[in-house]
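Trainee: So here's input32.csv, just CSV, C-alpha atoms:
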```csv
chain,number,residue,atom,x,y,z
A,1033,MET,CA,0.0,0.0,0.0
A,1034,LYS,CA,2.9,2.3,0.8
A,1035,THR,CA,4.3,1.9,-2.7
A,1036,ARG,CA,1.0,2.7,-4.3
A,1037,ILE,CA,0.7,5.9,-2.2
A,1038,ILE,CA,4.2,7.0,-3.2
A,1039,VAL,CA,3.4,6.2,-6.9
A,1040,ALA,CA,0.1,8.2,-6.7
A,1041,ALA,CA,1.8,11.1,-5.0
A,1042,ALA,CA,4.4,11.3,-7.7
A,1043,GLY,CA,2.2,10.5,-10.7
A,1044,LEU,CA,-1.0,12.5,-9.9
A,1045,PRO,CA,0.5,16.0,-10.3
A,1046,VAL,CA,1.9,14.9,-13.7
A,1047,LEU,CA,-1.5,13.5,-14.7
A,1048,PHE,CA,-3.2,16.7,-13.5
A,1049,VAL,CA,-1.0,18.9,-15.6
A,1050,ILE,CA,-1.4,16.8,-18.7
A,1051,LEU,CA,-5.2,16.6,-18.3
A,1052,PHE,CA,-5.9,20.3,-17.6
A,1053,PHE,CA,-3.1,22.2,-19.4
A,1054,LEU,CA,-1.8,20.1,-22.3
A,1055,LYS,CA,-3.2,18.6,-25.5
A,1056,PRO,CA,-4.5,15.0,-25.8
A,1057,ILE,CA,-1.3,13.9,-27.5
A,1058,PHE,CA,0.6,14.3,-24.3
A,1059,LEU,CA,-1.8,11.9,-22.5
A,1060,ALA,CA,-1.3,9.5,-25.5
A,1061,PHE,CA,2.5,9.6,-25.0
A,1062,LEU,CA,2.2,9.1,-21.2
A,1063,THR,CA,-0.2,6.2,-21.8
A,1064,ALA,CA,2.2,4.8,-24.4
A,1065,ILE,CA,5.1,4.8,-21.9
A,1066,ILE,CA,2.9,3.1,-19.3
A,1067,CYS,CA,1.8,0.4,-21.7
A,1068,ALA,CA,5.3,-0.3,-22.9
A,1069,ILE,CA,6.5,-0.7,-19.3
A,1070,ALA,CA,3.5,-2.7,-18.3
A,1071,ALA,CA,4.1,-5.0,-21.3
A,1072,TYR,CA,7.7,-5.6,-20.3
A,1073,GLU,CA,6.8,-6.3,-16.6
A,1074,PHE,CA,4.1,-8.7,-17.6
A,1075,MET,CA,6.4,-10.6,-20.0
A,1076,LYS,CA,9.1,-10.6,-17.4
A,1077,ALA,CA,6.7,-12.2,-14.9
A,1078,VAL,CA,4.9,-14.6,-17.2
A,1079,CYS,CA,7.2,-15.6,-20.0
A,1080,PRO,CA,10.8,-14.4,-19.1
A,1081,GLU,CA,12.3,-16.9,-21.5
A,1082,MET,CA,11.0,-15.0,-24.6
A,1083,LYS,CA,13.7,-13.7,-26.9
A,1084,LEU,CA,14.6,-10.0,-26.4
A,1085,TRP,CA,13.7,-9.1,-29.9
A,1086,VAL,CA,10.2,-10.5,-29.4
A,1087,LYS,CA,9.8,-8.5,-26.1
A,1088,ILE,CA,10.9,-5.3,-27.9
A,1089,ALA,CA,8.4,-5.9,-30.7
A,1090,VAL,CA,5.6,-6.4,-28.1
A,1091,MET,CA,6.6,-3.3,-26.3
A,1092,VAL,CA,6.7,-1.2,-29.5
A,1093,CYS,CA,3.2,-2.5,-30.4
A,1094,ALA,CA,1.9,-1.8,-26.9
A,1095,ALA,CA,3.2,1.8,-27.1
A,1096,ALA,CA,1.9,2.4,-30.6
A,1097,ILE,CA,-1.8,1.6,-29.8
A,1098,PRO,CA,-2.4,4.6,-27.5
A,1099,LEU,CA,-0.6,6.9,-30.0
A,1100,VAL,CA,-2.9,5.8,-32.9
A,1101,HIS,CA,-6.0,6.7,-30.8
A,1102,ILE,CA,-5.4,10.4,-31.4
A,1103,THR,CA,-6.0,9.8,-35.1
A,1104,GLY,CA,-9.4,9.6,-36.8
A,1105,ILE,CA,-8.7,6.1,-38.1
A,1106,CYS,CA,-7.6,4.4,-34.9
A,1107,TYR,CA,-9.7,1.3,-35.3
A,1108,ALA,CA,-8.1,0.4,-38.6
A,1109,LEU,CA,-4.6,1.1,-37.4
A,1110,VAL,CA,-5.2,-0.9,-34.2
A,1111,ARG,CA,-6.2,-3.9,-36.3
A,1112,GLY,CA,-3.0,-3.4,-38.3
A,1113,ILE,CA,-0.9,-3.3,-35.2
A,1114,LEU,CA,-2.4,-6.6,-34.1
A,1115,VAL,CA,-1.3,-8.2,-37.4
A,1116,VAL,CA,2.2,-6.7,-37.0
A,1117,LEU,CA,2.3,-8.1,-33.4
A,1118,LEU,CA,1.2,-11.6,-34.4
A,1119,ILE,CA,4.0,-11.9,-37.0
A,1120,PRO,CA,7.0,-12.0,-34.7
A,1121,LEU,CA,5.2,-14.0,-32.1
A,1122,PHE,CA,4.2,-16.9,-34.4
A,1123,THR,CA,7.5,-16.6,-36.3
A,1124,GLU,CA,9.3,-17.4,-33.1
A,1125,GLY,CA,6.9,-20.1,-32.2
A,1126,ILE,CA,7.3,-21.8,-35.7
A,1127,ARG,CA,11.1,-21.3,-35.6
A,1128,THR,CA,11.6,-23.0,-32.3
A,1129,PHE,CA,9.0,-25.8,-32.7
A,1130,SER,CA,10.4,-29.2,-31.7
A,1131,LYS,CA,13.5,-27.5,-30.2
A,1132,GLU,CA,14.5,-27.5,-26.6
A,1133,ASN,CA,13.7,-23.8,-26.3
A,1134,GLN,CA,10.4,-23.9,-28.2
A,1135,VAL,CA,7.8,-21.2,-27.4
A,1136,PRO,CA,4.6,-22.6,-26.0
A,1137,PHE,CA,1.3,-21.3,-27.3
A,1138,GLU,CA,0.4,-19.9,-23.9
A,1139,ASN,CA,3.5,-17.7,-24.0
A,1140,ILE,CA,2.3,-16.3,-27.4
A,1141,MET,CA,-1.1,-15.6,-25.9
A,1142,CYS,CA,0.5,-13.8,-22.9
A,1143,CYS,CA,2.4,-11.6,-25.3
A,1144,ILE,CA,-0.8,-10.8,-27.2
A,1145,PHE,CA,-2.4,-9.8,-23.9
A,1146,ALA,CA,0.7,-7.6,-23.0
A,1147,GLY,CA,1.1,-6.0,-26.4
A,1148,PHE,CA,-2.5,-5.7,-27.5
A,1149,VAL,CA,-5.3,-6.4,-25.0
A,1150,TYR,CA,-4.0,-4.3,-22.2
A,1151,PRO,CA,-2.9,-1.3,-24.4
A,1152,VAL,CA,-6.4,-1.3,-26.1
A,1153,MET,CA,-8.1,-1.0,-22.7
A,1154,MET,CA,-5.6,1.6,-21.4
A,1155,SER,CA,-6.1,3.6,-24.6
A,1156,SER,CA,-9.7,4.3,-23.7
A,1157,LEU,CA,-8.2,7.1,-21.5
A,1158,VAL,CA,-6.9,8.8,-24.7
A,1159,SER,CA,-10.3,8.5,-26.3
A,1160,LEU,CA,-12.0,10.0,-23.2
A,1161,LYS,CA,-9.6,12.9,-23.1
A,1162,ALA,CA,-10.7,13.9,-26.7
A,1163,MET,CA,-14.4,14.0,-25.7
A,1164,ASP,CA,-16.2,17.1,-24.3
A,1165,ASN,CA,-15.2,17.6,-20.6
A,1166,GLY,CA,-12.8,14.7,-21.3
A,1167,LYS,CA,-10.4,15.7,-18.5
A,1168,PHE,CA,-13.0,15.0,-15.9
A,1169,LEU,CA,-14.0,11.7,-17.5
A,1170,VAL,CA,-10.3,10.5,-17.5
A,1171,LEU,CA,-10.2,11.1,-13.7
A,1172,LEU,CA,-13.2,8.8,-13.1
A,1173,PRO,CA,-11.3,5.5,-13.2
A,1174,VAL,CA,-8.3,7.1,-11.4
A,1175,VAL,CA,-10.4,8.3,-8.5
A,1176,VAL,CA,-12.5,5.1,-8.2
A,1177,THR,CA,-9.4,2.9,-8.4
A,1178,PHE,CA,-7.4,4.8,-5.7
A,1179,CYS,CA,-10.3,5.2,-3.3
A,1180,CYS,CA,-11.6,1.6,-3.8
A,1181,ASP,CA,-8.1,0.3,-3.2
A,1182,ALA,CA,-7.6,2.4,-0.1
A,1183,GLY,CA,-11.1,1.6,1.2
A,1184,ALA,CA,-10.5,-2.1,0.8
A,1185,TYR,CA,-7.1,-2.0,2.5
A,1186,PHE,CA,-8.1,0.0,5.6
A,1187,THR,CA,-11.5,-1.8,6.0
A,1188,GLY,CA,-9.8,-5.2,5.8
A,1189,MET,CA,-7.0,-4.1,8.1
A,1190,PHE,CA,-9.4,-3.0,10.9
A,1191,ILE,CA,-12.4,-5.3,10.6
A,1192,GLY,CA,-11.5,-7.9,8.1
A,1193,LYS,CA,-12.1,-11.5,9.3
A,1194,ARG,CA,-13.5,-13.7,6.6
A,1195,ARG,CA,-10.9,-14.4,3.9
A,1196,ILE,CA,-12.2,-14.1,0.4
A,1197,THR,CA,-9.8,-16.4,-1.5
A,1198,ALA,CA,-6.5,-18.3,-1.2
A,1199,VAL,CA,-5.2,-16.4,-4.1
A,1200,SER,CA,-4.7,-13.4,-1.8
A,1201,PRO,CA,-5.0,-14.6,1.8
A,1202,LYS,CA,-4.8,-11.1,3.3
A,1203,LYS,CA,-7.9,-9.9,1.4
A,1204,SER,CA,-11.2,-10.3,3.2
A,1205,VAL,CA,-14.9,-10.1,2.4
A,1206,GLU,CA,-15.2,-7.1,4.6
A,1207,GLY,CA,-12.4,-5.4,2.8
A,1208,TYR,CA,-14.0,-6.2,-0.6
A,1209,ILE,CA,-17.3,-4.6,0.6
A,1210,GLY,CA,-15.5,-1.7,2.1
A,1211,GLY,CA,-13.7,-1.1,-1.2
A,1212,ILE,CA,-17.0,-0.9,-3.1
A,1213,VAL,CA,-18.5,1.4,-0.6
A,1214,ALA,CA,-15.5,3.6,-0.7
A,1215,GLY,CA,-15.7,3.7,-4.5
A,1216,ILE,CA,-19.3,4.7,-4.5
A,1217,ILE,CA,-18.7,7.5,-1.9
A,1218,SER,CA,-15.7,8.7,-3.9
A,1219,MET,CA,-17.9,9.1,-7.0
A,1220,MET,CA,-20.5,11.0,-5.1
A,1221,ILE,CA,-17.8,13.4,-3.7
A,1222,TYR,CA,-16.2,13.7,-7.1
A,1223,GLY,CA,-19.5,14.5,-8.7
A,1224,GLY,CA,-20.3,17.0,-6.1
A,1225,ILE,CA,-17.0,18.8,-6.6
A,1226,ILE,CA,-17.6,19.0,-10.4
A,1227,ALA,CA,-21.1,20.2,-9.9
A,1228,LEU,CA,-20.0,23.0,-7.6
A,1229,ALA,CA,-16.9,24.0,-9.5
A,1230,THR,CA,-18.2,23.9,-13.0
A,1231,ASP,CA,-21.4,24.3,-15.0
A,1232,ILE,CA,-21.5,20.6,-16.0
A,1233,THR,CA,-24.7,18.7,-15.2
A,1234,VAL,CA,-23.7,15.7,-13.1
A,1235,ASN,CA,-25.7,12.5,-13.3
A,1236,PHE,CA,-25.4,11.1,-9.8
A,1237,ILE,CA,-27.3,7.9,-10.6
A,1238,ALA,CA,-24.8,7.1,-13.4
A,1239,LEU,CA,-21.9,7.9,-11.0
A,1240,THR,CA,-23.4,5.5,-8.4
A,1241,VAL,CA,-23.6,2.7,-11.0
A,1242,TYR,CA,-20.0,3.6,-12.1
A,1243,GLY,CA,-18.9,3.4,-8.5
A,1244,ILE,CA,-20.3,0.0,-8.0
A,1245,LEU,CA,-19.1,-1.5,-11.3
A,1246,GLY,CA,-15.8,0.4,-11.3
A,1247,SER,CA,-15.0,-0.8,-7.7
A,1248,ALA,CA,-15.9,-4.4,-8.5
A,1249,ALA,CA,-13.7,-4.3,-11.6
A,1250,VAL,CA,-10.8,-2.8,-9.5
A,1251,GLU,CA,-11.0,-5.6,-7.0
A,1252,ILE,CA,-11.4,-8.4,-9.5
A,1253,GLY,CA,-8.5,-7.0,-11.5
A,1254,ASP,CA,-6.4,-6.9,-8.3
A,1255,LEU,CA,-7.2,-10.5,-7.6
A,1256,SER,CA,-6.5,-11.5,-11.2
A,1257,TYR,CA,-3.0,-10.1,-11.0
A,1258,SER,CA,-2.5,-11.9,-7.7
A,1259,LEU,CA,-3.5,-15.1,-9.4
A,1260,ILE,CA,-0.9,-14.6,-12.1
A,1261,LYS,CA,1.8,-13.9,-9.4
A,1262,ARG,CA,0.8,-17.0,-7.4
A,1263,GLN,CA,0.9,-19.3,-10.4
A,1264,LYS,CA,4.3,-17.9,-11.5
A,1265,GLY,CA,5.7,-18.0,-7.9
A,1266,ILE,CA,6.3,-14.3,-7.7
A,1267,LYS,CA,4.0,-13.7,-4.7
```
Represent the structure from my file as structure tokens, please.
Mentor:
Amino acid sequence: MKTRIIVAAAGLPVLFVILFFLKPIFLAFLTAIICAIAAYEFMKAVCPEMKLWVKIAVMVCAAAIPLVHITGICYALVRGILVVLLIPLFTEGIRTFSKENQVPFENIMCCIFAGFVYPVMMSSLVSLKAMDNGKFLVLLPVVVTFCCDAGAYFTGMFIGKRRITAVSPKKSVEGYIGGIVAGIISMMIYGGIIALATDITVNFIALTVYGILGSAAVEIGDLSYSLIKRQKGIK
């Protein structure tokens, strides 16, 4: 938790400047850097035996996807990037077939997730930034993620008793519920601030739904990465 707070303290001011004072292309570049780093870290954890040139190709594709989202033909370009990504992955799989260092199909799929699936999801931030009042929309997942995470941590620490899964033994049912409640409250507060500080009409019902679904996604995502770490012996 301490690491997450430090990262948030360092990263939030940068995100704030990019959202409120700079053009969407700067958010695209920031997202591209994050996607490339995330792709490398994911491959390092899941398939470290992949060749360096393959990892570089995956990272390049991961970084390219957010950048093409600032164009008007992003969907066509994204499909093209997927084709470009598949070429080195299956080339390496075919080249190493029946050899001692052959690339299993699951490693190829992991690289597709790192170089395509995750960047496509992250690139939604770039698309949101380009919309009307986009800077406020981009902050929605940021606020709900941080507050849900904090709410789950502190609720679980103080009153957590029933463990939710062996994947992450320290997480509790109480913490899970506390995270969702914190996510909903954070959305209400965030919506109230926007309503008071701007002339934007805030839909609090939609924010409540977003708080529920967003918080649930945050916690399921956290457990999903814990599962990967457990299976790979990292955690």
Trainee: Using only C-alpha atoms, pick whichever of A:Leu1169, A:Leu1160, A:Val1152, A:Ala1094 has the shortest atom-to-atom distance to A:Ile1226.
Mentor: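 Of A:Leu1169, A:Leu1160, A:Val1152, A:Ala1094, the one nearest A:Ile1226 is A:Leu1169, counting only C-alpha atoms.
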Trainee: Restricting the calculation to all atoms listed in the file: of A:Leu1255, A:Ile1216, A:Ile1066, A:Ala1238, which residue gets closest to A:Ser1200?
Mentor: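 Going through A:Leu1255, A:Ile1216, A:Ile1066, A:Ala1238 one by one, the smallest distance to A:Ser1200 is for A:Leu1255.
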Trainee: Which residues, written as a PyMOL selection string, have at least one atom at most 12 Å from stretch 1181-1195 of chain A, with all atoms listed in the file counted and residues fewer than 4 positions away on the same chain left out?
Mentor: chain A and resi 1033-1034+1036-1037+1040+1173-1177+1199-1218+1246-1255
Trainee: Env of A:Ser1155: 8 Å cut, atoms = all atoms listed in the file, seq-sep filter 6 positions within chain, self excluded. Answer as an mmCIF file with C-alpha atoms, in the frame of the given file.
Mentor:
```cif
data_model
loop_
_atom_site.group_PDB
_atom_site.id
_atom_site.type_symbol
_atom_site.label_atom_id
_atom_site.label_comp_id
_atom_site.auth_asym_id
_atom_site.auth_seq_id
_atom_site.Cartn_x
_atom_site.Cartn_y
_atom_site.Cartn_z
ATOM 1 C CA ALA A 1060 -1.300 9.500 -25.500
ATOM 2 C CA THR A 1063 -0.200 6.200 -21.800
ATOM 3 C CA ILE A 1097 -1.800 1.600 -29.800
ATOM 4 C CA PRO A 1098 -2.400 4.600 -27.500
ATOM 5 C CA HIS A 1101 -6.000 6.700 -30.800
#
```
Trainee: Expressed in Å to a single decimal, how great is the separation between atom CA of A:Ala1077 and atom CA of A:Tyr1150?
Mentor: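 Interatomic distance here is 15.2 Å.
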